[in-house]
Amino acid sequence: VYKRQEQTSEVIRTRILDAARDRFRDYGYSKTTMAEIAEDVQMSAANLYRYFENKHDIAAACASQCIGERIEVLREQARQPGQTAEQRLRAFVLGTLRYTQEAVQNQPRINELVATVTSQRQDIVHAKINEQCALLAEILAYGNESGDFAIDDVITTARAVYATLTLFEVPIFVPLYSQKEFEAIAQQVVELLLKGLVRR
């Protein structure tokens, strides 16, 4: 019985998050209320508070969901069998850019949610950075093993590489360039990184 209740609770939480993501996408974070989210999932506002303490908690859970989806996409792209370390790094950088571009296209009010989570729940942002740095470290270590890269400190280098990708990570930058221009910049960044990573 307890397990069934737990599963039911998880289903309800998922429905709440789906409704909240739709609201945040269509109306923005600040113009969305707990009462509206409750109405969308056909429950009372009082009942909604049994699952989430406040709107910040819902936003944090939505952000964690989105970050998890992003990491899975990047992980899949960077682990394609038969790829060289260079190809994996390129897939990571371009995958990062394309995911951000798609997020902005599908969620035009995403910057408001990003700003809220960044200011209110920095732990989530740091967790995201750590996940992506771990994936980069995996790519770099793979390059060391294959003899393509010559990196003494994979972890530190992964963090430095991640730092160069901020332009492709942050939604607010997406309108600055066309998709073609942005991809050209991403390719240039990859070439610059490879000059420092490739074994000579």
# chains A, B, ... in the order shown; residues from 1 in each chain; ligands from 1
call {"tool": "residues_around", "arguments": {"residues": "A:Val114", "least_positions_apart": "4", "cutoff": "9 Å", "atoms": "only C-alpha atoms", "output": "list in words"}}
result
Ala63, Ile110, Thr118, Ser119, Val170 and Pro171 of chain A
call {"tool": "write_last_selection", "arguments": {"atoms": "N, CA, C and O atoms", "output": "tab-separated table (two decimals), in the first residue's frame"}}
result
chain	number	residue	atom	x	y	z
A	63	ALA	N	13.61	23.18	-13.04
A	63	ALA	CA	14.97	23.40	-13.52
A	63	ALA	C	15.78	22.11	-13.45
A	63	ALA	O	16.52	21.78	-14.39
A	110	ILE	N	12.28	31.73	-20.97
A	110	ILE	CA	13.18	30.90	-20.16
A	110	ILE	C	14.16	31.73	-19.33
A	110	ILE	O	14.57	31.33	-18.24
A	118	THR	N	18.98	30.76	-10.65
A	118	THR	CA	20.37	31.14	-10.39
A	118	THR	C	20.51	31.94	-9.10
A	118	THR	O	21.47	31.77	-8.34
A	119	SER	N	19.53	32.80	-8.83
A	119	SER	CA	19.61	33.62	-7.62
A	119	SER	C	19.11	32.89	-6.37
A	119	SER	O	19.62	33.11	-5.28
A	170	VAL	N	24.22	29.97	-22.01
A	170	VAL	CA	23.29	30.92	-21.39
A	170	VAL	C	22.26	31.41	-22.40
A	170	VAL	O	22.63	32.01	-23.43
A	171	PRO	N	20.98	31.18	-22.15
A	171	PRO	CA	19.92	31.54	-23.12
A	171	PRO	C	19.92	33.00	-23.55
A	171	PRO	O	19.56	33.32	-24.68
call {"tool": "select_by_dssp", "arguments": {"residues": "stretch 12-175 of chain A", "states": "alpha helix (DSSP H)", "output": "ChimeraX atom specification"}}
result
/A:12-27,34-40,45-48,55-78,85-106,110-120,122-146,154-163,166-169
call {"tool": "residues_around", "arguments": {"residues": "stretch 29-37 of chain A", "least_positions_apart": "3", "cutoff": "9 Å", "atoms": "only C-alpha atoms", "output": "VMD selection string"}}
result
chain A and resid 16 to 17 19 to 20 23 to 25 40 to 46 48 to 49 54 to 55 59 109 to 110 112 to 113 116
call {"tool": "write_last_selection", "arguments": {"atoms": "N, CA and C atoms", "output": "PDB file, in the first residue's frame"}}
result
ATOM      1  N   ILE A  16       2.104  18.087 -11.706  1.00  0.00           N
ATOM      2  CA  ILE A  16       2.261  19.469 -11.235  1.00  0.00           C
ATOM      3  C   ILE A  16       3.410  20.146 -11.991  1.00  0.00           C
ATOM      4  N   LEU A  17       4.527  19.441 -12.112  1.00  0.00           N
ATOM      5  CA  LEU A  17       5.688  20.012 -12.802  1.00  0.00           C
ATOM      6  C   LEU A  17       5.406  20.238 -14.282  1.00  0.00           C
ATOM      7  N   ALA A  19       2.490  20.906 -15.593  1.00  0.00           N
ATOM      8  CA  ALA A  19       1.605  22.076 -15.657  1.00  0.00           C
ATOM      9  C   ALA A  19       2.390  23.363 -15.407  1.00  0.00           C
ATOM     10  N   ALA A  20       3.313  23.317 -14.446  1.00  0.00           N
ATOM     11  CA  ALA A  20       4.113  24.500 -14.120  1.00  0.00           C
ATOM     12  C   ALA A  20       5.019  24.878 -15.300  1.00  0.00           C
ATOM     13  N   ARG A  23       2.990  26.629 -17.833  1.00  0.00           N
ATOM     14  CA  ARG A  23       2.671  27.997 -17.372  1.00  0.00           C
ATOM     15  C   ARG A  23       3.883  28.917 -17.498  1.00  0.00           C
ATOM     16  N   PHE A  24       5.025  28.440 -17.016  1.00  0.00           N
ATOM     17  CA  PHE A  24       6.232  29.257 -17.071  1.00  0.00           C
ATOM     18  C   PHE A  24       6.592  29.584 -18.518  1.00  0.00           C
ATOM     19  N   ARG A  25       6.384  28.612 -19.415  1.00  0.00           N
ATOM     20  CA  ARG A  25       6.688  28.819 -20.832  1.00  0.00           C
ATOM     21  C   ARG A  25       5.744  29.850 -21.459  1.00  0.00           C
ATOM     22  N   ASP A  40      -4.741  23.993 -12.986  1.00  0.00           N
ATOM     23  CA  ASP A  40      -4.363  23.240 -14.183  1.00  0.00           C
ATOM     24  C   ASP A  40      -4.309  21.736 -13.933  1.00  0.00           C
ATOM     25  N   VAL A  41      -3.986  21.349 -12.699  1.00  0.00           N
ATOM     26  CA  VAL A  41      -3.937  19.911 -12.381  1.00  0.00           C
ATOM     27  C   VAL A  41      -5.186  19.466 -11.619  1.00  0.00           C
ATOM     28  N   GLN A  42      -6.181  20.367 -11.587  1.00  0.00           N
ATOM     29  CA  GLN A  42      -7.490  20.067 -11.000  1.00  0.00           C
ATOM     30  C   GLN A  42      -7.383  19.638  -9.534  1.00  0.00           C
ATOM     31  N   MET A  43      -6.676  20.471  -8.781  1.00  0.00           N
ATOM     32  CA  MET A  43      -6.618  20.253  -7.337  1.00  0.00           C
ATOM     33  C   MET A  43      -6.700  21.605  -6.640  1.00  0.00           C
ATOM     34  N   SER A  44      -6.933  21.583  -5.367  1.00  0.00           N
ATOM     35  CA  SER A  44      -7.008  22.830  -4.613  1.00  0.00           C
ATOM     36  C   SER A  44      -5.597  23.353  -4.362  1.00  0.00           C
ATOM     37  N   ALA A  45      -5.492  24.658  -4.158  1.00  0.00           N
ATOM     38  CA  ALA A  45      -4.184  25.250  -3.852  1.00  0.00           C
ATOM     39  C   ALA A  45      -3.634  24.659  -2.556  1.00  0.00           C
ATOM     40  N   ALA A  46      -4.517  24.418  -1.586  1.00  0.00           N
ATOM     41  CA  ALA A  46      -4.089  23.832  -0.310  1.00  0.00           C
ATOM     42  C   ALA A  46      -3.464  22.458  -0.527  1.00  0.00           C
ATOM     43  N   LEU A  48      -2.008  21.460  -3.283  1.00  0.00           N
ATOM     44  CA  LEU A  48      -0.742  21.658  -4.000  1.00  0.00           C
ATOM     45  C   LEU A  48       0.414  21.859  -3.024  1.00  0.00           C
ATOM     46  N   TYR A  49       0.138  22.567  -1.916  1.00  0.00           N
ATOM     47  CA  TYR A  49       1.178  22.849  -0.934  1.00  0.00           C
ATOM     48  C   TYR A  49       1.632  21.589  -0.188  1.00  0.00           C
ATOM     49  N   ASN A  54       6.442  26.063  -2.021  1.00  0.00           N
ATOM     50  CA  ASN A  54       6.162  27.349  -2.645  1.00  0.00           C
ATOM     51  C   ASN A  54       6.526  27.297  -4.138  1.00  0.00           C
ATOM     52  N   LYS A  55       6.342  28.413  -4.815  1.00  0.00           N
ATOM     53  CA  LYS A  55       6.621  28.474  -6.256  1.00  0.00           C
ATOM     54  C   LYS A  55       8.110  28.319  -6.551  1.00  0.00           C
ATOM     55  N   ALA A  59       9.795  25.829  -9.255  1.00  0.00           N
ATOM     56  CA  ALA A  59      10.744  26.293 -10.270  1.00  0.00           C
ATOM     57  C   ALA A  59      12.043  25.503 -10.187  1.00  0.00           C
ATOM     58  N   ARG A 109      10.290  32.559 -22.610  1.00  0.00           N
ATOM     59  CA  ARG A 109      10.443  33.253 -21.319  1.00  0.00           C
ATOM     60  C   ARG A 109      11.409  32.523 -20.383  1.00  0.00           C
ATOM     61  N   ILE A 110      12.279  31.727 -20.968  1.00  0.00           N
ATOM     62  CA  ILE A 110      13.176  30.904 -20.158  1.00  0.00           C
ATOM     63  C   ILE A 110      14.161  31.730 -19.326  1.00  0.00           C
ATOM     64  N   GLU A 112      13.756  34.337 -17.568  1.00  0.00           N
ATOM     65  CA  GLU A 112      13.212  34.694 -16.255  1.00  0.00           C
ATOM     66  C   GLU A 112      13.366  33.537 -15.274  1.00  0.00           C
ATOM     67  N   LEU A 113      13.091  32.328 -15.756  1.00  0.00           N
ATOM     68  CA  LEU A 113      13.220  31.147 -14.899  1.00  0.00           C
ATOM     69  C   LEU A 113      14.684  30.890 -14.557  1.00  0.00           C
ATOM     70  N   THR A 116      15.780  33.330 -11.914  1.00  0.00           N
ATOM     71  CA  THR A 116      15.196  32.995 -10.611  1.00  0.00           C
ATOM     72  C   THR A 116      15.953  31.859  -9.949  1.00  0.00           C
TER      73      THR A 116
END
call {"tool": "atom_distance", "arguments": {"atom1": "atom CA of A:Pro108", "atom2": "atom CA of A:Gln132"}}
result
23.7 Å
call {"tool": "atom_distance", "arguments": {"atom1": "atom CA of A:Glu39", "atom2": "atom CA of A:Ile124"}}
result
27.5 Å
call {"tool": "residues_around", "arguments": {"residues": "A:Gln87", "least_positions_apart": "2", "cutoff": "12 Å", "atoms": "only C-alpha atoms", "output": "JSON, numbers by chain"}}
result
{"A": [77, 78, 79, 80, 81, 82, 83, 84, 85, 89, 90, 91, 92, 93, 94, 95, 139, 140, 142, 143, 148, 187, 190, 191, 194]}
call {"tool": "closest_residue", "arguments": {"among": "A:Ala60, A:Leu192, A:Ala115, A:Ala141", "to": "A:Thr164", "atoms": "only C-alpha atoms"}}
result
A:Leu192
call {"tool": "residues_around", "arguments": {"residues": "A:Tyr177", "least_positions_apart": "3", "cutoff": "12 Å", "atoms": "only C-alpha atoms", "output": "ChimeraX atom specification"}}
result
/A:97,101,167-168,171-174,180-186
call {"tool": "atom_distance", "arguments": {"atom1": "atom CA of A:Asp26", "atom2": "atom CA of A:Asn106"}}
result
9.8 Å
call {"tool": "residues_around", "arguments": {"residues": "A:Ala127", "least_positions_apart": "6", "cutoff": "12 Å", "atoms": "only C-alpha atoms", "output": "list in words"}}
result
Ala63, Ser64, Ile67, Gly68, Ile71, Thr118, Arg121, Cys133 and Ala134 of chain A
call {"tool": "write_last_selection", "arguments": {"atoms": "all heavy atoms", "output": "PDB file, in the first residue's frame"}}
result
ATOM      1  N   ALA A  63      13.606  23.179 -13.039  1.00  0.00           N
ATOM      2  CA  ALA A  63      14.973  23.402 -13.519  1.00  0.00           C
ATOM      3  C   ALA A  63      15.780  22.107 -13.449  1.00  0.00           C
ATOM      4  O   ALA A  63      16.520  21.781 -14.385  1.00  0.00           O
ATOM      5  CB  ALA A  63      15.645  24.491 -12.688  1.00  0.00           C
ATOM      6  N   SER A  64      15.632  21.367 -12.354  1.00  0.00           N
ATOM      7  CA  SER A  64      16.350  20.100 -12.206  1.00  0.00           C
ATOM      8  C   SER A  64      15.939  19.118 -13.297  1.00  0.00           C
ATOM      9  O   SER A  64      16.772  18.392 -13.848  1.00  0.00           O
ATOM     10  CB  SER A  64      16.070  19.483 -10.824  1.00  0.00           C
ATOM     11  OG  SER A  64      16.635  20.285  -9.805  1.00  0.00           O
ATOM     12  N   ILE A  67      17.545  20.291 -16.568  1.00  0.00           N
ATOM     13  CA  ILE A  67      18.983  20.033 -16.536  1.00  0.00           C
ATOM     14  C   ILE A  67      19.254  18.545 -16.763  1.00  0.00           C
ATOM     15  O   ILE A  67      20.163  18.172 -17.503  1.00  0.00           O
ATOM     16  CB  ILE A  67      19.586  20.502 -15.194  1.00  0.00           C
ATOM     17  CG1 ILE A  67      19.603  22.036 -15.148  1.00  0.00           C
ATOM     18  CG2 ILE A  67      20.985  19.934 -14.993  1.00  0.00           C
ATOM     19  CD1 ILE A  67      19.875  22.618 -13.778  1.00  0.00           C
ATOM     20  N   GLY A  68      18.451  17.699 -16.128  1.00  0.00           N
ATOM     21  CA  GLY A  68      18.594  16.258 -16.321  1.00  0.00           C
ATOM     22  C   GLY A  68      18.421  15.866 -17.780  1.00  0.00           C
ATOM     23  O   GLY A  68      19.169  15.040 -18.316  1.00  0.00           O
ATOM     24  N   ILE A  71      21.543  17.025 -19.768  1.00  0.00           N
ATOM     25  CA  ILE A  71      22.702  16.159 -19.527  1.00  0.00           C
ATOM     26  C   ILE A  71      22.563  14.849 -20.292  1.00  0.00           C
ATOM     27  O   ILE A  71      23.523  14.350 -20.888  1.00  0.00           O
ATOM     28  CB  ILE A  71      22.874  15.877 -18.017  1.00  0.00           C
ATOM     29  CG1 ILE A  71      23.174  17.176 -17.244  1.00  0.00           C
ATOM     30  CG2 ILE A  71      23.982  14.848 -17.783  1.00  0.00           C
ATOM     31  CD1 ILE A  71      24.455  17.853 -17.626  1.00  0.00           C
ATOM     32  N   THR A 118      18.977  30.761 -10.647  1.00  0.00           N
ATOM     33  CA  THR A 118      20.371  31.140 -10.391  1.00  0.00           C
ATOM     34  C   THR A 118      20.506  31.939  -9.099  1.00  0.00           C
ATOM     35  O   THR A 118      21.474  31.771  -8.345  1.00  0.00           O
ATOM     36  CB  THR A 118      20.936  31.958 -11.571  1.00  0.00           C
ATOM     37  OG1 THR A 118      20.837  31.178 -12.767  1.00  0.00           O
ATOM     38  CG2 THR A 118      22.386  32.325 -11.337  1.00  0.00           C
ATOM     39  N   ARG A 121      18.499  29.267  -6.081  1.00  0.00           N
ATOM     40  CA  ARG A 121      18.966  27.888  -5.858  1.00  0.00           C
ATOM     41  C   ARG A 121      20.278  27.633  -6.598  1.00  0.00           C
ATOM     42  O   ARG A 121      20.336  26.911  -7.575  1.00  0.00           O
ATOM     43  CB  ARG A 121      17.882  26.908  -6.330  1.00  0.00           C
ATOM     44  CG  ARG A 121      16.626  26.901  -5.487  1.00  0.00           C
ATOM     45  CD  ARG A 121      16.882  26.393  -4.062  1.00  0.00           C
ATOM     46  NE  ARG A 121      17.464  25.063  -4.083  1.00  0.00           N
ATOM     47  CZ  ARG A 121      16.743  23.939  -4.119  1.00  0.00           C
ATOM     48  NH1 ARG A 121      15.421  24.002  -4.160  1.00  0.00           N
ATOM     49  NH2 ARG A 121      17.331  22.765  -4.112  1.00  0.00           N
ATOM     50  N   CYS A 133      30.871  19.186 -16.355  1.00  0.00           N
ATOM     51  CA  CYS A 133      32.330  19.078 -16.239  1.00  0.00           C
ATOM     52  C   CYS A 133      32.756  17.614 -16.143  1.00  0.00           C
ATOM     53  O   CYS A 133      33.802  17.222 -16.687  1.00  0.00           O
ATOM     54  CB  CYS A 133      32.826  19.851 -15.018  1.00  0.00           C
ATOM     55  SG  CYS A 133      32.844  21.644 -15.253  1.00  0.00           S
ATOM     56  N   ALA A 134      31.961  16.797 -15.470  1.00  0.00           N
ATOM     57  CA  ALA A 134      32.268  15.365 -15.366  1.00  0.00           C
ATOM     58  C   ALA A 134      32.221  14.710 -16.746  1.00  0.00           C
ATOM     59  O   ALA A 134      33.066  13.869 -17.078  1.00  0.00           O
ATOM     60  CB  ALA A 134      31.277  14.686 -14.417  1.00  0.00           C
TER      61      ALA A 134
END
call {"tool": "residues_around", "arguments": {"residues": "A:Tyr99", "least_positions_apart": "3", "cutoff": "10 Å", "atoms": "only C-alpha atoms", "output": "VMD selection string"}}
result
chain A and resid 69 to 70 73 to 74 94 to 96 102 to 105 168 to 169 171
